[in-house]
Structures are given as structure tokens and as C-alpha cells.
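Novice: Sharing work35.cif, mmCIF, C-alpha atoms and all ligand atoms:
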```cif
data_my_file
loop_
_atom_site.label_atom_id
_atom_site.label_comp_id
_atom_site.auth_asym_id
_atom_site.auth_seq_id
_atom_site.Cartn_x
_atom_site.Cartn_y
_atom_site.Cartn_z
CA MET A 1485 62.13 -63.99 -42.69
CA GLN A 1486 61.57 -63.01 -39.09
CA ALA A 1487 64.74 -62.77 -37.02
CA PRO A 1488 65.30 -66.35 -35.86
CA ASP A 1489 64.88 -67.08 -32.17
CA LYS A 1490 67.42 -69.84 -31.97
CA VAL A 1491 70.50 -70.53 -34.07
CA ALA A 1492 72.28 -73.87 -33.78
CA VAL A 1493 75.94 -73.70 -34.79
CA LEU A 1494 77.56 -77.08 -35.42
CA GLY A 1495 81.27 -76.87 -34.62
CA ALA A 1496 82.55 -74.38 -32.03
CA GLY A 1497 85.97 -73.72 -33.56
CA ILE A 1498 87.29 -70.39 -34.83
CA MET A 1499 84.30 -69.78 -37.07
CA GLY A 1500 81.63 -71.57 -35.04
CA ASN A 1501 82.18 -69.62 -31.85
CA GLY A 1502 82.33 -66.37 -33.82
CA ILE A 1503 79.03 -67.11 -35.56
CA ALA A 1504 77.40 -67.98 -32.24
CA GLN A 1505 78.66 -64.74 -30.70
CA LEU A 1506 77.46 -62.76 -33.71
CA ALA A 1507 73.96 -64.27 -33.47
CA ALA A 1508 73.81 -63.53 -29.74
CA MET A 1509 74.94 -59.94 -30.31
CA ALA A 1510 72.08 -59.61 -32.81
CA GLY A 1511 69.62 -60.64 -30.09
CA MET A 1512 69.22 -64.29 -31.06
CA THR A 1513 69.74 -67.33 -28.87
CA ALA A 1514 72.77 -69.30 -30.04
CA VAL A 1515 73.80 -72.84 -29.20
CA ALA A 1516 77.21 -73.95 -30.43
CA ARG A 1517 77.85 -77.67 -30.43
CA ASP A 1518 81.20 -79.42 -30.69
CA VAL A 1519 82.43 -82.97 -30.15
CA SER A 1520 85.58 -81.71 -28.44
CA ALA A 1521 85.40 -80.57 -24.80
CA GLU A 1522 88.59 -78.60 -25.37
CA ALA A 1523 87.03 -76.78 -28.34
CA LEU A 1524 84.00 -75.89 -26.23
CA ARG A 1525 86.21 -74.52 -23.47
CA ARG A 1526 88.24 -72.48 -25.95
CA ALA A 1527 85.03 -71.23 -27.58
CA GLY A 1528 83.78 -69.86 -24.26
CA ASP A 1529 87.10 -68.11 -23.65
CA ALA A 1530 87.16 -66.67 -27.16
CA ILE A 1531 83.65 -65.25 -26.82
CA ASP A 1532 84.44 -63.75 -23.38
CA THR A 1533 87.62 -62.15 -24.73
CA SER A 1534 85.91 -60.79 -27.82
CA LEU A 1535 82.95 -59.34 -25.91
CA ALA A 1536 85.34 -57.71 -23.42
CA ARG A 1537 87.12 -56.10 -26.38
CA PHE A 1538 83.86 -54.66 -27.68
CA VAL A 1539 83.15 -53.20 -24.24
CA LYS A 1540 86.67 -51.77 -23.90
CA ALA A 1541 86.36 -50.15 -27.33
CA GLY A 1542 83.07 -48.53 -26.25
CA LYS A 1543 81.13 -50.41 -28.95
CA LEU A 1544 78.99 -52.38 -26.51
CA SER A 1545 77.81 -51.67 -22.97
CA ALA A 1546 78.86 -54.11 -20.24
CA HIS A 1547 75.16 -54.83 -19.74
CA ASP A 1548 74.58 -55.72 -23.40
CA ALA A 1549 77.76 -57.82 -23.49
CA ALA A 1550 76.61 -59.81 -20.46
CA ALA A 1551 73.16 -60.22 -22.03
CA ALA A 1552 74.72 -61.46 -25.30
CA ARG A 1553 76.95 -63.91 -23.38
CA GLY A 1554 73.85 -65.14 -21.58
CA ARG A 1555 72.25 -65.99 -24.91
CA VAL A 1556 75.11 -68.35 -25.90
CA THR A 1557 75.11 -71.98 -24.82
CA LEU A 1558 78.01 -74.34 -25.53
CA THR A 1559 77.20 -78.01 -25.61
CA ALA A 1560 78.34 -81.43 -26.79
CA ASP A 1561 74.71 -82.50 -27.21
CA LEU A 1562 73.46 -82.26 -30.79
CA ALA A 1563 69.81 -82.74 -29.81
CA GLU A 1564 70.05 -79.85 -27.34
CA ALA A 1565 71.60 -77.65 -30.01
CA THR A 1566 69.09 -78.37 -32.75
CA ASP A 1567 65.91 -78.61 -30.66
CA GLY A 1568 63.56 -75.84 -31.78
CA ALA A 1569 66.26 -74.12 -33.88
CA SER A 1570 65.06 -71.97 -36.76
CA VAL A 1571 68.56 -71.81 -38.27
CA VAL A 1572 71.27 -74.49 -38.31
CA ILE A 1573 74.74 -73.44 -39.46
CA GLU A 1574 77.37 -76.12 -39.94
CA ALA A 1575 80.92 -74.93 -39.22
CA VAL A 1576 82.83 -78.16 -38.57
CA THR A 1577 86.18 -79.21 -40.00
CA GLU A 1578 86.53 -78.74 -43.77
CA VAL A 1579 86.18 -82.44 -44.63
CA LEU A 1580 83.31 -83.60 -46.83
CA ASP A 1581 82.50 -86.78 -44.89
CA VAL A 1582 82.50 -84.96 -41.56
CA LYS A 1583 80.19 -82.25 -42.86
CA GLN A 1584 77.80 -84.76 -44.43
CA GLN A 1585 77.71 -86.82 -41.27
CA VAL A 1586 77.10 -83.88 -38.95
CA LEU A 1587 74.44 -82.34 -41.20
CA GLY A 1588 72.83 -85.74 -41.75
CA GLU A 1589 72.43 -86.21 -37.99
CA ALA A 1590 71.28 -82.63 -37.45
CA VAL A 1591 68.63 -82.77 -40.12
CA GLU A 1592 66.93 -85.65 -38.34
CA LEU A 1593 66.75 -83.67 -35.11
CA ALA A 1594 66.14 -80.08 -36.21
CA PRO A 1595 62.67 -78.79 -37.09
CA GLU A 1596 61.65 -79.44 -40.71
CA HIS A 1597 61.36 -75.68 -41.36
CA ALA A 1598 64.87 -74.82 -40.08
CA LEU A 1599 67.19 -73.04 -42.50
CA LEU A 1600 70.16 -75.33 -43.16
CA GLY A 1601 73.44 -73.57 -43.93
CA THR A 1602 77.04 -74.65 -44.37
CA ASN A 1603 79.99 -72.35 -43.77
CA THR A 1604 82.32 -74.31 -46.06
CA SER A 1605 84.96 -72.14 -47.69
CA GLN A 1606 85.87 -74.49 -50.49
CA LEU A 1607 83.70 -77.60 -50.74
CA SER A 1608 80.85 -77.88 -53.22
CA ILE A 1609 77.44 -77.14 -51.65
CA THR A 1610 75.91 -79.54 -54.16
CA THR A 1611 78.25 -82.36 -53.12
CA ILE A 1612 77.65 -81.80 -49.40
CA ALA A 1613 73.89 -81.72 -50.07
CA ALA A 1614 74.10 -85.00 -51.98
CA GLY A 1615 74.61 -86.71 -48.61
CA LEU A 1616 71.32 -85.32 -47.27
CA GLY A 1617 68.88 -87.32 -49.39
CA GLU A 1618 65.42 -85.75 -49.40
CA HIS A 1619 66.76 -82.73 -47.49
CA ALA A 1620 69.30 -81.81 -50.21
CA SER A 1621 67.24 -78.89 -51.49
CA ARG A 1622 67.33 -77.25 -48.06
CA LEU A 1623 71.10 -76.81 -47.90
CA VAL A 1624 72.55 -73.42 -48.78
CA GLY A 1625 76.07 -72.01 -48.48
CA VAL A 1626 76.29 -69.31 -45.80
CA HIS A 1627 79.93 -68.29 -45.93
CA PHE A 1628 81.13 -66.06 -43.10
CA PHE A 1629 84.55 -64.44 -42.97
CA ASN A 1630 87.08 -64.52 -40.19
CA PRO A 1631 86.39 -63.11 -37.64
CA PRO A 1632 82.61 -63.29 -38.15
CA VAL A 1633 81.88 -60.56 -35.59
CA MET A 1634 84.04 -58.05 -37.48
CA MET A 1635 83.82 -58.91 -41.16
CA ARG A 1636 80.95 -57.23 -42.96
CA LEU A 1637 80.31 -59.79 -45.68
CA VAL A 1638 78.26 -62.97 -45.90
CA GLU A 1639 78.47 -64.88 -49.16
CA VAL A 1640 75.38 -66.98 -49.82
CA ILE A 1641 75.84 -69.84 -52.28
CA ALA A 1642 73.17 -71.74 -54.17
CA GLY A 1643 73.82 -75.44 -54.63
CA LEU A 1644 72.47 -77.01 -57.79
CA GLN A 1645 69.42 -78.29 -55.91
CA THR A 1646 68.99 -75.46 -53.39
CA ARG A 1647 65.42 -74.15 -53.30
CA PRO A 1648 65.23 -70.43 -54.18
CA SER A 1649 63.27 -69.85 -50.96
CA GLU A 1650 66.30 -71.00 -48.95
CA ILE A 1651 68.58 -68.52 -50.74
CA GLU A 1652 66.23 -65.73 -49.72
CA ARG A 1653 66.03 -67.01 -46.15
CA ALA A 1654 69.83 -67.17 -45.97
CA ARG A 1655 70.01 -63.62 -47.27
CA ALA A 1656 67.52 -62.46 -44.64
CA PHE A 1657 69.47 -64.28 -41.93
CA GLY A 1658 72.73 -62.59 -42.97
CA GLU A 1659 71.00 -59.21 -42.98
CA ALA A 1660 69.45 -59.86 -39.57
CA LEU A 1661 73.04 -60.34 -38.36
CA GLY A 1662 73.88 -56.89 -39.74
CA LYS A 1663 75.89 -58.18 -42.70
CA GLN A 1664 76.00 -57.22 -46.34
CA VAL A 1665 74.98 -60.28 -48.32
CA VAL A 1666 76.09 -61.29 -51.81
CA VAL A 1667 74.70 -64.29 -53.64
CA CYS A 1668 76.81 -66.69 -55.68
CA ARG A 1669 74.06 -67.98 -57.91
CA LYS A 1670 75.89 -71.08 -59.14
CA ASP A 1671 77.82 -73.40 -56.88
CA SER A 1672 81.31 -73.11 -58.30
CA PRO A 1673 84.68 -73.73 -56.59
CA GLY A 1674 85.98 -70.64 -54.84
CA PHE A 1675 82.52 -69.02 -55.03
CA ILE A 1676 83.01 -65.28 -55.69
CA THR A 1677 85.50 -64.21 -53.05
CA SER A 1678 88.07 -67.01 -52.88
CA ARG A 1679 88.19 -67.36 -56.67
CA ALA A 1680 88.89 -63.68 -57.26
CA TYR A 1681 91.33 -63.28 -54.38
CA ALA A 1682 93.26 -66.51 -55.10
CA ILE A 1683 94.22 -65.34 -58.55
CA LEU A 1684 95.10 -61.86 -57.36
CA ARG A 1685 97.53 -63.36 -54.84
CA LEU A 1686 98.94 -65.72 -57.45
CA GLU A 1687 99.69 -62.77 -59.72
CA CYS A 1688 101.52 -61.14 -56.77
CA VAL A 1689 103.55 -64.35 -56.28
CA LYS A 1690 104.44 -64.37 -59.99
CA MET A 1691 105.58 -60.72 -59.85
CA LEU A 1692 107.73 -61.56 -56.84
CA GLU A 1693 109.25 -64.58 -58.59
CA GLU A 1694 109.89 -62.54 -61.76
CA GLY A 1695 111.81 -60.00 -59.66
CA ILE A 1696 109.44 -57.18 -60.61
CA ALA A 1697 109.29 -55.87 -57.04
CA THR A 1698 109.97 -56.91 -53.46
CA ALA A 1699 107.26 -58.56 -51.35
CA GLU A 1700 107.07 -55.38 -49.25
CA ASP A 1701 106.52 -53.19 -52.31
CA ILE A 1702 103.93 -55.50 -53.86
CA ASP A 1703 101.96 -55.55 -50.60
CA THR A 1704 102.34 -51.80 -50.11
CA ALA A 1705 101.19 -51.16 -53.68
CA LEU A 1706 98.00 -53.12 -53.17
CA LYS A 1707 97.36 -51.75 -49.69
CA LEU A 1708 97.75 -48.11 -50.59
CA GLY A 1709 96.62 -48.35 -54.20
CA PHE A 1710 93.39 -50.19 -53.47
CA ASN A 1711 92.81 -49.61 -49.77
CA PHE A 1712 93.36 -53.27 -48.85
CA PRO A 1713 93.93 -53.60 -45.09
CA MET A 1714 96.64 -56.21 -45.70
CA GLY A 1715 98.76 -57.14 -48.69
CA PRO A 1716 98.01 -60.47 -50.44
CA LEU A 1717 101.47 -61.85 -49.62
CA GLU A 1718 101.44 -60.98 -45.92
CA LEU A 1719 97.89 -62.32 -45.63
CA GLY A 1720 99.02 -65.51 -47.38
CA ASP A 1721 101.75 -65.87 -44.76
CA MET A 1722 99.18 -65.35 -42.03
CA ASN A 1723 96.73 -67.97 -43.32
CA GLY A 1724 99.41 -70.53 -44.25
CA LEU A 1725 100.90 -71.20 -47.67
CA ASP A 1726 100.08 -74.93 -47.48
CA THR A 1727 96.40 -74.01 -47.15
CA TYR A 1728 96.72 -71.62 -50.06
CA VAL A 1729 98.44 -74.13 -52.37
CA HIS A 1730 95.82 -76.74 -51.50
CA ALA A 1731 93.06 -74.23 -52.31
CA ILE A 1732 94.45 -73.13 -55.67
CA GLU A 1733 95.15 -76.71 -56.74
CA GLY A 1734 91.41 -77.32 -56.28
CA LEU A 1735 90.62 -74.13 -58.20
CA ALA A 1736 92.99 -75.15 -61.02
CA ASP A 1737 91.20 -78.48 -61.35
CA ALA A 1738 87.89 -76.65 -61.64
CA HIS A 1739 88.76 -73.49 -63.56
CA GLY A 1740 91.98 -74.24 -65.42
CA ASP A 1741 95.72 -73.72 -65.33
CA ARG A 1742 95.59 -70.02 -64.58
CA PHE A 1743 95.13 -71.09 -60.94
CA ARG A 1744 97.99 -73.63 -60.98
CA PRO A 1745 100.54 -72.92 -58.19
CA THR A 1746 103.97 -71.87 -59.41
CA VAL A 1747 106.95 -74.20 -58.97
CA GLY A 1748 108.40 -71.64 -56.52
CA LEU A 1749 105.28 -71.75 -54.38
CA ARG A 1750 105.22 -75.55 -54.38
CA ASN A 1751 108.88 -75.58 -53.37
CA MET A 1752 108.23 -73.22 -50.47
CA VAL A 1753 105.58 -75.59 -49.13
CA ALA A 1754 107.77 -78.67 -49.73
CA ALA A 1755 110.56 -76.97 -47.79
CA GLY A 1756 108.22 -76.18 -44.89
CA ARG A 1757 108.24 -72.45 -45.58
CA LEU A 1758 104.57 -72.08 -44.73
CA GLY A 1759 104.28 -68.50 -43.51
CA ARG A 1760 103.98 -67.18 -39.98
CA LYS A 1761 103.33 -70.56 -38.39
CA SER A 1762 106.69 -71.93 -39.59
CA GLY A 1763 108.65 -68.73 -39.00
CA ALA A 1764 109.12 -67.90 -42.68
CA GLY A 1765 107.07 -67.48 -45.84
CA PHE A 1766 107.24 -64.51 -48.17
CA TYR A 1767 108.62 -62.74 -45.08
CA GLU A 1768 110.80 -63.84 -42.15
CA TYR A 1769 109.27 -63.91 -38.64
CA GLU A 1770 110.59 -63.95 -35.11
CA PRO A 1771 110.25 -67.43 -33.61
CA ARG A 1772 107.07 -67.67 -31.51
N1 LIG A 1801 89.07 -70.13 -40.43
C1 LIG A 1801 88.66 -69.37 -41.42
O1 LIG A 1801 89.26 -68.33 -41.74
C2 LIG A 1801 87.41 -69.73 -42.19
C3 LIG A 1801 86.75 -68.73 -42.93
C4 LIG A 1801 85.56 -69.07 -43.59
C5 LIG A 1801 85.07 -70.37 -43.55
N2 LIG A 1801 85.75 -71.32 -42.84
C6 LIG A 1801 85.18 -72.67 -42.80
O2 LIG A 1801 84.51 -72.83 -41.57
C7 LIG A 1801 84.56 -74.20 -41.17
C8 LIG A 1801 85.18 -74.31 -39.79
O3 LIG A 1801 86.48 -73.77 -39.84
P1 LIG A 1801 87.26 -73.30 -38.54
O4 LIG A 1801 88.37 -72.44 -38.99
O5 LIG A 1801 86.29 -72.80 -37.53
O6 LIG A 1801 87.85 -74.71 -38.07
P2 LIG A 1801 88.25 -75.17 -36.59
O7 LIG A 1801 89.17 -76.31 -36.78
O8 LIG A 1801 88.66 -74.02 -35.74
O9 LIG A 1801 86.86 -75.72 -36.01
C9 LIG A 1801 86.23 -76.87 -36.47
C10 LIG A 1801 85.54 -77.51 -35.29
O10 LIG A 1801 84.73 -78.60 -35.74
C11 LIG A 1801 84.74 -79.54 -34.70
N3 LIG A 1801 84.25 -80.82 -35.17
C12 LIG A 1801 84.89 -81.75 -35.89
N4 LIG A 1801 84.09 -82.80 -36.10
C13 LIG A 1801 82.91 -82.49 -35.51
C14 LIG A 1801 81.70 -83.18 -35.37
N5 LIG A 1801 81.54 -84.40 -35.90
N6 LIG A 1801 80.68 -82.58 -34.71
C15 LIG A 1801 80.85 -81.34 -34.18
N7 LIG A 1801 82.00 -80.66 -34.24
C16 LIG A 1801 83.00 -81.23 -34.91
C17 LIG A 1801 86.16 -79.58 -34.21
O11 LIG A 1801 86.24 -80.13 -32.89
C18 LIG A 1801 86.51 -78.10 -34.25
O12 LIG A 1801 86.29 -77.48 -32.99
C19 LIG A 1801 85.36 -74.93 -42.25
O13 LIG A 1801 84.46 -75.46 -43.19
C20 LIG A 1801 86.18 -73.82 -42.88
O14 LIG A 1801 86.53 -74.09 -44.21
C21 LIG A 1801 86.91 -71.03 -42.15
#
```
Represent the structure from my file as C-alpha cells, please.

Specialist:
Amino acid sequence: MQAPDKVAVLGAGIMGNGIAQLAAMAGMTAVARDVSAEALRRAGDAIDTSLARFVKAGKLSAHDAAAARGRVTLTADLAEATDGASVVIEAVTEVLDVKQQVLGEAVELAPEHALLGTNTSQLSITTIAAGLGEHASRLVGVHFFNPPVMMRLVEVIAGLQTRPSEIERARAFGEALGKQVVVCRKDSPGFITSRAYAILRLECVKMLEEGIATAEDIDTALKLGFNFPMGPLELGDMNGLDTYVHAIEGLADAHGDRFRPTVGLRNMVAAGRLGRKSGAGFYEYEPR
């Protein structure tokens, strides 16, 4: 696939603005569309801040940063975003109906040949595609990691109906963005990354609950033993334990009880001990 000229990103939240910035930094034109004016404003600020950081770190010249910023448009207009786009990436809220609705509207407006990707982290590609009627075979999972401009991986996921050609186009798109691409060949909850990491963290939680080691020592063991930048428990606190419990409940339904949250973990969430955002999780935090 030739490097796409124009990428439409649907949803300009944390992931959407990052994907738009990434595309612009790779020389593409990016249009991020959101229904929220506030989200669009925040997206512009986030991109400015991130580009300034690249310049400060000497990774990008001021000229190239300004050029990249000039290739990003933020809009509330779906037709403007999708018009002439060769790639459409959906990055709206993780709710099936919302994703199906947004993709359903986009598919009517975007060119017939546009690559159609969803950045869902948890939902079934096949189920999202089921809302797209005759376009179902075009949808492919294109899973970026947070923050998209920094993380080196893109996980491409084949839905049950996804055409093989779209998997290859998604791979080429990820590579054109400078990413390493892996392909999850069967749409399966948790794909490759979330499934593997969820159970690793759960094992850490179980060791903590069994009194085998402190949270600090478990995290340190994994960081220094396996070169992880963060420990699974501290990262769980950062992302929110409610989000984690919700995710592993879904994985347990799909893959069995080995993913079932422990009673201790459920109690933490019930008690509002959600991690950094609530001031306490596996660790205690200073109030923000
Ligand atoms: N945050 C992460 O670490 C991460 C990592 C990988 C994948 N994801 C996935 O990426 C997607 C987006 O997540 P996020 O963290 O950027 O969420 P977010 O809440 O920051 O952004 C979602 C955006 O979608 C917008 N939106 C809602 N309905 C819309 C509509 N009808 N049309 C257009 N925009 C609409 C919201 O206004 C919001 O700005 C989700 O599917 C999520 O699971 C998130």
C-alpha cells in the first residue's frame, strides 16, 4: 500500500489525537473529528504540547514540528473528515453502539476503497463489523497503544469476515507510521496483548494477596527481571482498577475462570480503591 495521503480519525480523545499526530509526523494529512468541541480544543492543545516536547528533546526540528501541525485538522464535521480519505480509523468511546453508529455514518461518506480500522481495545471486531452490513468485510482492528506517538507496537486484528487484503493494508499502514505490526489472526477477546498482560497482572495480584511479597517487590522483580518499564501493579493503579476488573471479567467470560478477578480485587473496586485517580490502589498516593 502506498503511504496514504489523508487519514480520517474518528474521535479526538486521548487516542484519536495521538493517532492524528502520528500520521502527520509520518507526512500524511490527518483530520480528527469529534462531536465534542471541548475534546477538539483539548486535542489541539495535546498535539501542540507533544510536538513541543519532541522539539525540546531534539527529536524533531521546529520546522518539521510546525509542518506536522499544519497537516492536522480538527473538525466536528464528519463529511469533511472522511472526504477523500484513504484510511479511516475509529477511536471513539469504547461502547459498541457508538462505534457502530460512527462507523456506519463514516462508511457512507468515505471513499469505497478507504481502509476501515477500529482502535477498540476490548470489543469484538466481528461484532462491530456486524453493524456495517455490506461493508463488514472491510473492517479491521488497528490497535494502537497509549501514547500512540511513543509506543512502537500496532496490533492488527482480523474479524471473522475481514478480507485478507484489508489485514495487509492495515499492516502496511502501521509500518508507514513507523510501527512494528503484529497480527492477531482470529478475533478473540483481549487479542494478543491484553490477554497475555491481564493474566500476568492477575498472577501478581494473587501473589500480593497470598503475602508472597510486597507490591513494591513484585513490581521491582518484574521491572528488573524482565526489563518492563513499569510494574504490573503500579501500571494497574495508573490505568484504574475498575477498568481492569471490567476487562478481566470480559476475558473470564470468553476464556474461562483463570481470568476471574479475585475477591480482594473486587472488594478494592467496591470500596472505591481504584488506583491513582482515587488516591489509593495497590499503593497510596498524595491527593491531587
Ligand atoms: N486510552 C488508552 O490507553 C487506549 C489504548 C488503546 C485503545 N484505546 C481505545 O481507543 C478508543 C478511544 O479511547 P480514548 O482513551 O481515546 O477515549 P477518550 O474518551 O479520550 O476519547 C473518546 C472520544 O470519542 C468522542 N466521541 C464519542 N462519541 C462520538 C461520536 N459519536 N462521534 C465522534 N466522536 C465521539 C468523545 O467525545 C471523546 O473525545 C476506545 O475504543 C479505547 O478502548 C484506548

Novice: For Pro1595 of chain A, which residue out of A:Glu1700, A:Asp1567, A:Glu1768, A:Glu1639 is the nearest one, using all atoms listed in the file?

Specialist: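 Once distances to Pro1595 of chain A are computed over all atoms listed in the file, the minimum belongs to A:Asp1567.
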
Novice: Show me a table, sorted first by chain and then by increasing residue number, of the residues of segment 1583-1694 of chain A having an atom at most 7 Å from segment 1493-1507 of chain A, each with its shortest atom pair and the distance in Å to one decimal, counting only C-alpha atoms and written as CSV.

Specialist:
```
residue,atom,partner,partner_atom,distance
A:Asn1630,CA,A:Met1499,CA,6.7
A:Pro1631,CA,A:Gly1502,CA,6.5
A:Pro1632,CA,A:Gly1502,CA,5.3
A:Val1633,CA,A:Leu1506,CA,5.3
A:Leu1661,CA,A:Ala1507,CA,6.3
```

Novice: So which residues touch Asn1751 of chain A within 12 Å, counting all atoms listed in the file, skipping near sequence neighbours fewer than 4 positions away, as a list in words?

Specialist: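 Once the adjacent positions are removed, what remains is Leu1725, Asp1726, Val1729, Pro1745, Thr1746, Val1747, Ala1755, Gly1756, Arg1757, Leu1758 and Gly1765 of chain A.
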
Novice: Taking all atoms listed in the file into account, which of A:Leu1644, A:Leu1616, A:Leu1719, A:Leu1684 comes nearest ligand LIG 1801 (chain A)?

Specialist: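 So, comparing all the options, the nearest one is A:Leu1719.
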
Novice: When you look at Ala1764 of chain A with a cut-off of 12 Å (counting only C-alpha atoms), what residues show up, excluding the ones that are within fewer than 2 positions of it in the same chain? I need them as number ranges by chain.

Specialist: A: 1717-1718, 1720-1722, 1724-1725, 1752-1753, 1755-1762, 1766-1772

Novice: Using all atoms listed in the file, find each protein or nucleic acid residue lying at most 8 Å from ligand LIG 1801 (chain A); present the set as a VMD selection string.

Specialist: chain A and resid 1494 to 1501 1517 to 1520 1523 to 1524 1560 1574 to 1579 1582 to 1583 1585 to 1586 1602 to 1607 1627 to 1631 1723

Novice: Hey, can you check how far atom CA of Arg1669 of chain A sits from atom CA of Glu1733 of chain A?

Specialist: 22.9 Å

Novice: Counting all atoms listed in the file, what is within 12 Å of Thr1611 of chain A, bar same-chain residues fewer than 6 positions away, as an NGL selection string?

Specialist: :A and (1579-1581 or 1583-1584 or 1602 or 1604 or 1617 or 1620-1621 or 1623-1625 or 1642-1646 or 1671-1673)

Novice: Put a box with edges along x, y and z around all the listed atoms of segment 1583-1593 of chain A, pad it by 8 Å on each side, then give me its centre and sizes in Å, one decimal, as AutoDock Vina command-line options.

Specialist:
```
--center_x 73.5 --center_y -84.5 --center_z -39.8 --size_x 29.4 --size_y 20.6 --size_z 25.3
```
